[in-house]
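model-v2.tsv follows; it contains TSV, C-alpha atoms.
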```
chain	number	residue	atom	x	y	z
W	1	MET	CA	-42.09	11.83	-1.50
W	2	THR	CA	-40.42	10.16	-4.50
W	3	SER	CA	-42.80	10.03	-7.45
W	4	THR	CA	-43.09	7.12	-9.91
W	5	LEU	CA	-41.20	9.15	-12.54
W	6	ASP	CA	-38.31	9.68	-10.11
W	7	VAL	CA	-37.77	5.96	-9.48
W	8	PRO	CA	-35.59	5.33	-12.58
W	9	VAL	CA	-33.52	8.40	-11.69
W	10	VAL	CA	-32.98	7.12	-8.14
W	11	ARG	CA	-32.02	3.67	-9.41
W	12	ALA	CA	-29.63	5.16	-11.97
W	13	GLY	CA	-27.99	7.22	-9.23
W	14	ARG	CA	-27.66	4.18	-7.04
W	15	ARG	CA	-26.06	2.14	-9.86
W	16	HIS	CA	-23.65	5.01	-10.55
W	17	ARG	CA	-22.59	5.15	-6.88
W	18	HIS	CA	-22.07	1.38	-6.73
W	19	ARG	CA	-20.12	1.40	-10.00
W	20	ARG	CA	-17.88	4.20	-8.73
W	21	ALA	CA	-17.26	2.39	-5.41
W	22	THR	CA	-16.45	-0.86	-7.24
W	23	VAL	CA	-13.99	0.80	-9.63
W	24	VAL	CA	-12.25	2.68	-6.80
W	25	THR	CA	-12.00	-0.47	-4.68
W	26	ILE	CA	-10.43	-2.42	-7.58
W	27	VAL	CA	-7.94	0.39	-8.25
W	28	LEU	CA	-7.03	0.55	-4.53
W	29	ALA	CA	-6.54	-3.23	-4.42
W	30	ALA	CA	-4.22	-3.03	-7.44
W	31	LEU	CA	-2.29	-0.19	-5.79
W	32	VAL	CA	-1.92	-2.19	-2.56
W	33	LEU	CA	-0.65	-5.19	-4.52
W	34	GLY	CA	1.85	-2.99	-6.36
W	35	LEU	CA	3.18	-1.46	-3.13
W	36	PHE	CA	3.32	-4.91	-1.49
W	37	VAL	CA	5.55	-6.21	-4.30
W	38	LEU	CA	7.60	-2.98	-4.46
W	39	THR	CA	8.35	-3.25	-0.72
W	40	MET	CA	10.05	-6.59	-1.40
W	41	MET	CA	11.88	-5.37	-4.52
W	42	VAL	CA	13.87	-2.42	-3.21
W	43	GLY	CA	16.65	-2.25	-0.64
W	44	SER	CA	20.37	-2.85	-0.57
W	45	TYR	CA	19.78	-5.79	-2.96
W	46	TYR	CA	17.36	-5.31	-5.90
W	47	VAL	CA	14.96	-8.11	-6.76
W	48	SER	CA	12.88	-8.00	-9.95
W	49	PRO	CA	9.05	-8.12	-9.71
W	50	LEU	CA	9.04	-11.60	-11.29
W	51	GLY	CA	11.71	-12.73	-8.81
W	52	VAL	CA	9.56	-11.47	-5.92
W	53	VAL	CA	6.47	-13.29	-7.18
W	54	LYS	CA	8.39	-16.53	-7.72
W	55	ALA	CA	10.01	-16.34	-4.28
W	56	VAL	CA	6.71	-15.62	-2.51
W	57	LEU	CA	4.97	-18.49	-4.32
W	58	GLY	CA	7.91	-20.84	-3.60
W	59	ILE	CA	8.65	-21.56	-7.27
W	60	GLY	CA	11.85	-19.51	-7.55
W	61	ASP	CA	15.18	-21.02	-8.65
W	62	ASP	CA	17.46	-18.40	-7.06
W	63	PRO	CA	18.35	-19.19	-3.41
W	64	THR	CA	19.57	-15.61	-2.84
W	65	ASN	CA	16.28	-14.11	-3.98
W	66	ASP	CA	14.34	-16.66	-1.97
W	67	PHE	CA	16.26	-15.83	1.21
W	68	ILE	CA	16.04	-12.05	0.80
W	69	VAL	CA	12.37	-11.99	-0.15
W	70	ARG	CA	10.88	-14.72	2.02
W	71	ASP	CA	13.08	-14.45	5.12
W	72	LEU	CA	13.92	-10.74	5.24
W	73	ARG	CA	11.34	-8.65	3.37
W	74	LEU	CA	8.10	-10.65	3.28
W	75	PRO	CA	7.47	-10.35	7.07
W	76	THR	CA	7.81	-6.56	6.91
W	77	ALA	CA	5.61	-6.25	3.83
W	78	SER	CA	2.99	-8.56	5.38
W	79	ALA	CA	3.05	-6.55	8.60
W	80	GLY	CA	2.56	-3.30	6.67
W	81	LEU	CA	-0.34	-4.79	4.70
W	82	ALA	CA	-2.11	-6.29	7.72
W	83	VAL	CA	-1.53	-3.31	10.03
W	84	GLY	CA	-2.82	-0.90	7.37
W	85	ILE	CA	-5.98	-2.92	6.71
W	86	ALA	CA	-6.64	-3.34	10.45
W	87	LEU	CA	-6.20	0.37	11.19
W	88	GLY	CA	-8.30	1.45	8.21
W	89	VAL	CA	-11.18	-0.87	9.07
W	90	ALA	CA	-11.06	-0.03	12.79
W	91	GLY	CA	-11.01	3.69	12.06
W	92	ILE	CA	-14.00	3.83	9.73
W	93	VAL	CA	-16.09	1.57	12.01
W	94	PHE	CA	-15.40	3.92	14.94
W	95	GLN	CA	-16.16	7.05	12.92
W	96	LYS	CA	-19.42	5.72	11.47
W	97	LEU	CA	-20.54	4.14	14.73
W	98	LEU	CA	-19.98	7.28	16.79
W	99	GLY	CA	-21.00	9.66	14.00
W	100	ASN	CA	-17.92	11.82	14.27
W	101	PRO	CA	-14.81	12.11	12.01
W	102	LEU	CA	-12.66	12.61	15.14
W	103	ALA	CA	-13.71	9.25	16.58
W	104	SER	CA	-10.52	7.41	15.69
W	105	PRO	CA	-9.25	4.66	18.06
W	106	ASP	CA	-5.84	6.34	18.34
W	107	PHE	CA	-7.44	9.73	18.98
W	108	VAL	CA	-9.74	8.54	21.80
W	109	GLY	CA	-7.08	6.79	23.81
W	110	ILE	CA	-7.13	3.11	22.89
W	111	SER	CA	-3.65	3.27	21.35
W	112	SER	CA	-2.48	5.24	24.40
W	113	GLY	CA	-3.69	2.44	26.68
W	114	ALA	CA	-1.82	-0.10	24.55
W	115	SER	CA	1.29	2.10	24.72
W	116	LEU	CA	1.10	2.37	28.53
W	117	PHE	CA	0.97	-1.40	29.00
W	118	ALA	CA	3.71	-2.05	26.43
W	119	VAL	CA	6.05	0.60	27.84
W	120	SER	CA	5.44	-0.65	31.38
W	121	SER	CA	6.34	-4.19	30.31
W	122	ILE	CA	9.56	-2.90	28.73
W	123	VAL	CA	10.65	-0.67	31.61
W	124	LEU	CA	9.37	-2.56	34.65
W	125	PHE	CA	9.76	-6.18	33.53
W	126	ASN	CA	12.31	-6.05	30.68
W	127	ALA	CA	9.85	-8.21	28.75
W	128	SER	CA	10.36	-10.08	25.51
W	129	SER	CA	8.77	-8.92	22.23
W	130	SER	CA	5.89	-11.39	22.52
W	131	VAL	CA	5.08	-10.21	26.06
W	132	ILE	CA	5.27	-6.57	24.92
W	133	SER	CA	2.83	-7.30	22.10
W	134	GLY	CA	0.50	-9.18	24.43
W	135	SER	CA	0.62	-6.33	26.93
W	136	ALA	CA	-0.30	-3.85	24.20
W	137	LEU	CA	-3.32	-5.92	23.24
W	138	VAL	CA	-4.48	-6.22	26.86
W	139	GLY	CA	-3.97	-2.47	27.33
W	140	ALA	CA	-6.09	-1.66	24.28
W	141	LEU	CA	-8.92	-3.91	25.44
W	142	LEU	CA	-8.94	-2.64	29.05
W	143	THR	CA	-8.78	1.00	27.95
W	144	ALA	CA	-11.68	0.53	25.56
W	145	LEU	CA	-13.69	-1.13	28.32
W	146	LEU	CA	-12.89	1.74	30.70
W	147	ILE	CA	-13.97	4.38	28.16
W	148	TYR	CA	-17.15	2.44	27.35
W	149	VAL	CA	-18.13	2.15	31.01
W	150	LEU	CA	-17.39	5.82	31.75
W	151	ALA	CA	-19.31	6.95	28.64
W	152	TRP	CA	-22.38	4.79	29.28
W	153	ARG	CA	-25.51	6.77	30.18
W	154	ASP	CA	-28.44	4.58	29.10
W	155	GLY	CA	-26.57	4.20	25.82
W	156	ILE	CA	-23.47	5.57	24.13
W	157	SER	CA	-23.26	9.11	22.82
W	158	GLY	CA	-20.51	9.67	20.26
W	159	TYR	CA	-19.63	13.12	21.58
W	160	ARG	CA	-19.40	11.91	25.22
W	161	PHE	CA	-17.39	8.84	24.16
W	162	ILE	CA	-14.85	11.03	22.33
W	163	LEU	CA	-14.46	13.54	25.17
W	164	ILE	CA	-13.98	10.81	27.76
W	165	GLY	CA	-11.62	9.02	25.38
W	166	ILE	CA	-9.48	12.13	24.95
W	167	GLY	CA	-9.33	12.54	28.73
W	168	VAL	CA	-8.34	8.90	29.21
W	169	SER	CA	-5.74	9.26	26.45
W	170	GLU	CA	-4.09	12.23	28.15
W	171	PHE	CA	-4.14	10.38	31.48
W	172	MET	CA	-2.47	7.32	29.92
W	173	LEU	CA	0.14	9.42	28.12
W	174	SER	CA	1.03	11.24	31.33
W	175	ILE	CA	1.67	7.88	33.03
W	176	VAL	CA	3.74	6.78	30.02
W	177	GLY	CA	5.89	9.89	30.45
W	178	TYR	CA	6.32	9.16	34.16
W	179	VAL	CA	7.29	5.52	33.53
W	180	ILE	CA	9.88	6.52	30.92
W	181	SER	CA	11.30	9.20	33.22
W	182	ARG	CA	12.01	6.50	35.82
W	183	ALA	CA	13.64	4.11	33.35
W	184	GLU	CA	17.30	3.43	32.70
W	185	LEU	CA	18.74	4.92	29.51
W	186	TYR	CA	18.69	1.65	27.53
W	187	GLU	CA	15.12	0.83	28.58
W	188	ALA	CA	13.93	4.36	27.86
W	189	ARG	CA	15.48	4.20	24.38
W	190	GLU	CA	13.79	0.84	23.69
W	191	ALA	CA	10.45	2.21	24.89
W	192	MET	CA	10.74	5.34	22.73
W	193	THR	CA	11.59	3.19	19.70
W	194	TRP	CA	8.43	1.12	20.28
W	195	LEU	CA	6.34	4.28	20.81
W	196	ALA	CA	7.46	5.71	17.45
W	197	GLY	CA	5.68	2.83	15.73
W	198	THR	CA	7.15	0.88	12.84
W	199	VAL	CA	6.31	-2.24	10.89
W	200	GLY	CA	8.74	-5.13	10.93
W	201	GLN	CA	9.64	-4.92	14.61
W	202	SER	CA	7.45	-7.78	15.82
W	203	GLY	CA	8.14	-11.49	16.05
W	204	ALA	CA	6.69	-14.16	13.77
W	205	GLY	CA	4.10	-15.22	16.34
W	206	GLU	CA	2.58	-11.75	16.73
W	207	LEU	CA	2.52	-11.22	12.95
W	208	ARG	CA	0.84	-14.58	12.40
W	209	THR	CA	-1.81	-13.70	14.99
W	210	LEU	CA	-2.54	-10.36	13.29
W	211	LEU	CA	-2.82	-11.99	9.86
W	212	VAL	CA	-5.29	-14.56	11.20
W	213	ALA	CA	-7.26	-11.79	12.93
W	214	VAL	CA	-7.48	-9.75	9.71
W	215	VAL	CA	-8.54	-12.78	7.67
W	216	VAL	CA	-11.25	-13.72	10.21
W	217	ILE	CA	-12.48	-10.35	11.51
W	218	VAL	CA	-12.54	-8.18	8.37
W	219	PRO	CA	-15.14	-10.43	6.65
W	220	VAL	CA	-17.24	-10.25	9.83
W	221	ALA	CA	-16.98	-6.46	9.69
W	222	LEU	CA	-18.16	-6.54	6.06
W	223	VAL	CA	-21.17	-8.64	7.10
W	224	LEU	CA	-21.98	-6.09	9.82
W	225	GLU	CA	-21.68	-3.15	7.40
W	226	ARG	CA	-25.44	-3.10	6.79
W	227	PRO	CA	-26.29	-2.83	10.54
W	228	LEU	CA	-23.59	-0.15	10.75
W	229	ARG	CA	-25.32	1.90	8.04
W	230	THR	CA	-28.59	1.51	9.96
W	231	LEU	CA	-26.96	2.74	13.18
W	232	GLU	CA	-25.76	5.84	11.30
W	233	LEU	CA	-29.42	6.88	11.04
W	234	GLY	CA	-29.71	7.20	14.82
W	235	ASP	CA	-30.77	4.84	17.58
W	236	ASP	CA	-34.50	5.55	17.33
W	237	THR	CA	-34.61	5.05	13.57
W	238	ALA	CA	-32.45	1.94	13.81
W	239	LYS	CA	-34.79	0.45	16.43
W	240	ALA	CA	-37.80	1.30	14.26
W	241	LEU	CA	-36.15	-0.59	11.39
W	242	GLY	CA	-35.72	-3.67	13.59
W	243	SER	CA	-32.02	-3.30	14.37
W	244	ARG	CA	-30.72	-4.58	17.71
W	245	VAL	CA	-28.92	-1.35	18.47
W	246	GLU	CA	-26.80	-2.13	21.52
W	247	LEU	CA	-25.88	-5.65	20.39
W	248	ASN	CA	-24.77	-4.45	16.96
W	249	ARG	CA	-22.92	-1.47	18.44
W	250	LEU	CA	-21.10	-3.66	20.94
W	251	ALA	CA	-20.14	-6.17	18.23
W	252	LEU	CA	-18.82	-3.44	15.94
W	253	LEU	CA	-16.91	-1.76	18.76
W	254	GLY	CA	-15.43	-5.13	19.74
W	255	ILE	CA	-14.29	-5.80	16.17
W	256	SER	CA	-12.68	-2.40	15.91
W	257	ILE	CA	-10.93	-2.65	19.29
W	258	VAL	CA	-9.55	-6.14	18.63
W	259	LEU	CA	-8.18	-5.01	15.25
W	260	ILE	CA	-6.54	-1.90	16.69
W	261	GLY	CA	-5.16	-3.96	19.59
W	262	PHE	CA	-3.55	-6.59	17.34
W	263	ALA	CA	-2.21	-3.92	14.97
W	264	THR	CA	-0.66	-1.94	17.83
W	265	ALA	CA	0.77	-5.12	19.29
W	266	VAL	CA	2.62	-5.79	16.02
W	267	ALA	CA	3.77	-2.33	14.97
W	268	GLY	CA	3.35	-0.01	17.96
W	269	PRO	CA	1.10	3.07	17.85
W	270	ILE	CA	1.27	4.14	14.19
W	271	LEU	CA	-0.72	7.33	14.51
W	272	PHE	CA	-3.26	8.98	12.19
W	273	VAL	CA	-3.76	6.01	9.83
W	274	ALA	CA	-7.07	5.04	11.46
W	275	LEU	CA	-8.07	8.72	11.47
W	276	ILE	CA	-7.45	9.51	7.80
W	277	ALA	CA	-8.09	6.20	5.98
W	278	GLY	CA	-11.89	6.31	6.27
W	279	PRO	CA	-12.39	9.92	5.10
W	280	ILE	CA	-10.02	9.39	2.16
W	281	ALA	CA	-11.91	6.24	1.15
W	282	GLN	CA	-15.23	8.09	1.39
W	283	ARG	CA	-13.88	10.96	-0.71
W	284	LEU	CA	-12.61	8.58	-3.41
W	285	ALA	CA	-15.41	6.02	-3.50
W	286	GLY	CA	-18.35	8.21	-2.51
W	287	PRO	CA	-21.12	7.29	-0.04
W	288	SER	CA	-21.10	3.65	-1.17
W	289	GLY	CA	-17.42	3.30	-0.32
W	290	GLY	CA	-17.17	1.58	3.02
W	291	ILE	CA	-15.13	-0.75	5.16
W	292	LEU	CA	-13.23	-2.54	2.39
W	293	ALA	CA	-12.15	0.69	0.69
W	294	ALA	CA	-11.04	2.15	4.04
W	295	GLY	CA	-8.96	-0.95	4.80
W	296	LEU	CA	-7.26	-0.73	1.41
W	297	VAL	CA	-6.53	2.99	1.89
W	298	GLY	CA	-5.01	2.15	5.28
W	299	ALA	CA	-2.77	-0.45	3.62
W	300	VAL	CA	-1.71	2.06	0.96
W	301	ILE	CA	-0.80	4.61	3.65
W	302	VAL	CA	1.22	2.20	5.81
W	303	LEU	CA	3.04	0.48	2.92
W	304	GLY	CA	3.76	3.83	1.26
W	305	ALA	CA	4.89	5.46	4.50
W	306	ASP	CA	7.21	2.55	5.28
W	307	LEU	CA	8.74	2.73	1.80
W	308	VAL	CA	9.37	6.46	2.24
W	309	ALA	CA	10.74	5.97	5.77
W	310	GLN	CA	13.12	3.17	4.80
W	311	GLN	CA	14.10	3.86	1.19
W	312	VAL	CA	13.55	7.52	0.31
W	313	LEU	CA	14.72	9.51	3.33
W	314	PRO	CA	18.49	9.98	3.83
W	315	THR	CA	18.29	8.20	7.21
W	316	PRO	CA	15.80	5.36	7.83
W	317	LEU	CA	13.06	6.38	10.26
W	318	PRO	CA	10.16	4.60	11.98
W	319	THR	CA	7.00	4.35	9.89
W	320	GLY	CA	5.04	6.33	12.48
W	321	VAL	CA	7.18	9.42	11.89
W	322	VAL	CA	6.05	9.60	8.24
W	323	THR	CA	2.38	8.95	9.05
W	324	GLY	CA	2.62	11.65	11.71
W	325	ILE	CA	3.94	14.16	9.17
W	326	ILE	CA	1.01	13.27	6.89
W	327	GLY	CA	-1.67	13.06	9.55
W	328	ALA	CA	-0.93	16.07	11.76
W	329	PRO	CA	-1.86	18.71	9.13
W	330	TYR	CA	-5.01	16.70	8.31
W	331	LEU	CA	-6.00	16.68	11.99
W	332	ILE	CA	-5.56	20.46	12.21
W	333	TRP	CA	-7.68	20.93	9.08
W	334	LEU	CA	-10.29	18.47	10.42
W	335	LEU	CA	-10.55	20.26	13.77
W	336	ALA	CA	-11.03	23.58	11.98
W	337	THR	CA	-13.71	22.30	9.60
W	338	VAL	CA	-15.56	20.24	12.21
W	339	ASN	CA	-15.78	23.28	14.46
W	340	ARG	CA	-16.95	25.48	11.59
W	341	GLU	CA	-19.57	23.00	10.34
W	342	GLY	CA	-20.73	21.95	13.81
W	343	ARG	CA	-19.99	18.25	13.21
W	344	GLY	CA	-18.16	17.82	16.46
W	345	GLY	CA	-21.31	16.85	18.28
```
Take the structure in this file and express it as structure tokens.
Amino acid sequence: MTSTLDVPVVRAGRRHRHRRATVVTIVLAALVLGLFVLTMMVGSYYVSPLGVVKAVLGIGDDPTNDFIVRDLRLPTASAGLAVGIALGVAGIVFQKLLGNPLASPDFVGISSGASLFAVSSIVLFNASSSVISGSALVGALLTALLIYVLAWRDGISGYRFILIGIGVSEFMLSIVGYVISRAELYEAREAMTWLAGTVGQSGAGELRTLLVAVVVIVPVALVLERPLRTLELGDDTAKALGSRVELNRLALLGISIVLIGFATAVAGPILFVALIAGPIAQRLAGPSGGILAAGLVGAVIVLGADLVAQQVLPTPLPTGVVTGIIGAPYLIWLLATVNREGRGG
């Protein structure tokens, strides 16, 4: 039991944690802003930071800068920003809700379901980009519903949800491989390009939808952060504290799935961002670092990876290739430590 003398110490510790989380969040926001502007500066034609700001705000006096920034580079930078925030928020909600660092939407099969529907629309129907994006969103939602139903046993267990999700993911990926094997060369190449995952490949309509979703859903996720922290204590404790466990869990899962669906619809399955953004945010900001910090870390990863993929490497590559190079070693390390510490469930 905490004594009266310990109360000031507890309060001081709490203030220190909140101060650290606030400082880290501000620094991450500044870093995201810097990468967002840098993405629009570099390329075959250099634009100064002031020129980028003027063009974005519509107060520039250089038609060339305005065209390059607003028509060519702003959509890609906006897609990287929105996709990163969506993946980061979706990832940390999944991991906290299911109490497992492996519980990432792309790891448990939701991205695989989106990929199956998108690839099928490319190969079987030769669909347009908007139809491909819509198919990816529908695939993510249906896959999440399938996993939820299969994992339900008078409630949702994080360990069971992850195992069933991995099984569903492998099943979906095997069908993806079969569909591609039956495709013509041109269709197979288009499908593989989409599967690699890259920002800037979607149309204006899909990007606009994702931006609206991020603006609307992320604040809702921040409002639900307190019930999420209560659910982390366990169902029995959460019920004792007055939390509506299943309703809150379903709402948080729905938010996460919609975000991952819209992000995949815009950029394809950019792997590992949802998996690594949350743990990095927690490591930087401490226990008080939450959804907002994870979303900003996701944006830093996607914007940085796209810059490396497009501007640093000798040959431009899809963004997902760079995030895969970053995320694969982390996944190996995570599997080793989770097994050693018994956090796998």
Size and centre in Å, one decimal, axis-aligned box, all listed segment 161-167 of chain W atoms plus 8 Å per side, as lines of an AutoDock Vina configuration file:
```
center_x = -13.4
center_y = 11.2
center_z = 25.5
size_x = 24.1
size_y = 20.7
size_z = 22.4
```
Point to revise | Residue neighbourhood Ala240 of chain W, 12 Å, only C-alpha atoms, exclusion window fewer than 6 positions, as number ranges by chain | key: W: 230-231, 233-234
Practice item. For atom CA of Leu35 of chain W and atom CA of Val199 of chain W, determine how far apart the two atoms are, in Å to one decimal place. Key: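 That distance, rounded to one decimal, is 14.4 Å.
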Check your understanding: Between W:Leu50, W:Ile260, W:Leu185, W:Ala86, which one has atoms that come closest to Gly113 of chain W, using all atoms listed in the file?
Key ->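 Selected residue with least distance to Gly113 of chain W: W:Ile260.
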**Study point:** Nearest to His16 of chain W by atom-to-atom distance, counting only C-alpha atoms, from W:Ala196, W:Ile122, W:Met41, W:Ala285
**Key:**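 Checking each candidate against His16 of chain W, we get W:Ala285 as the closest.
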Practice item. Rank nothing, just name the residue among W:Ser174, W:Leu81, W:Val168, W:Leu241 nearest to Leu31 of chain W, using only C-alpha atoms. Key: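 Going through W:Ser174, W:Leu81, W:Val168, W:Leu241 one by one, the smallest distance to Leu31 of chain W is for W:Leu81.
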Check your understanding: Val24 of chain W: which residues within 7 Å, counting only C-alpha atoms, same-chain residues fewer than 3 positions away excluded, as a list of chain:residue names?
Key ->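 Skipping anything fewer than 3 positions along the chain leaves W:Arg20, W:Ala21, W:Val27, W:Leu28, W:Leu284, W:Ala285.
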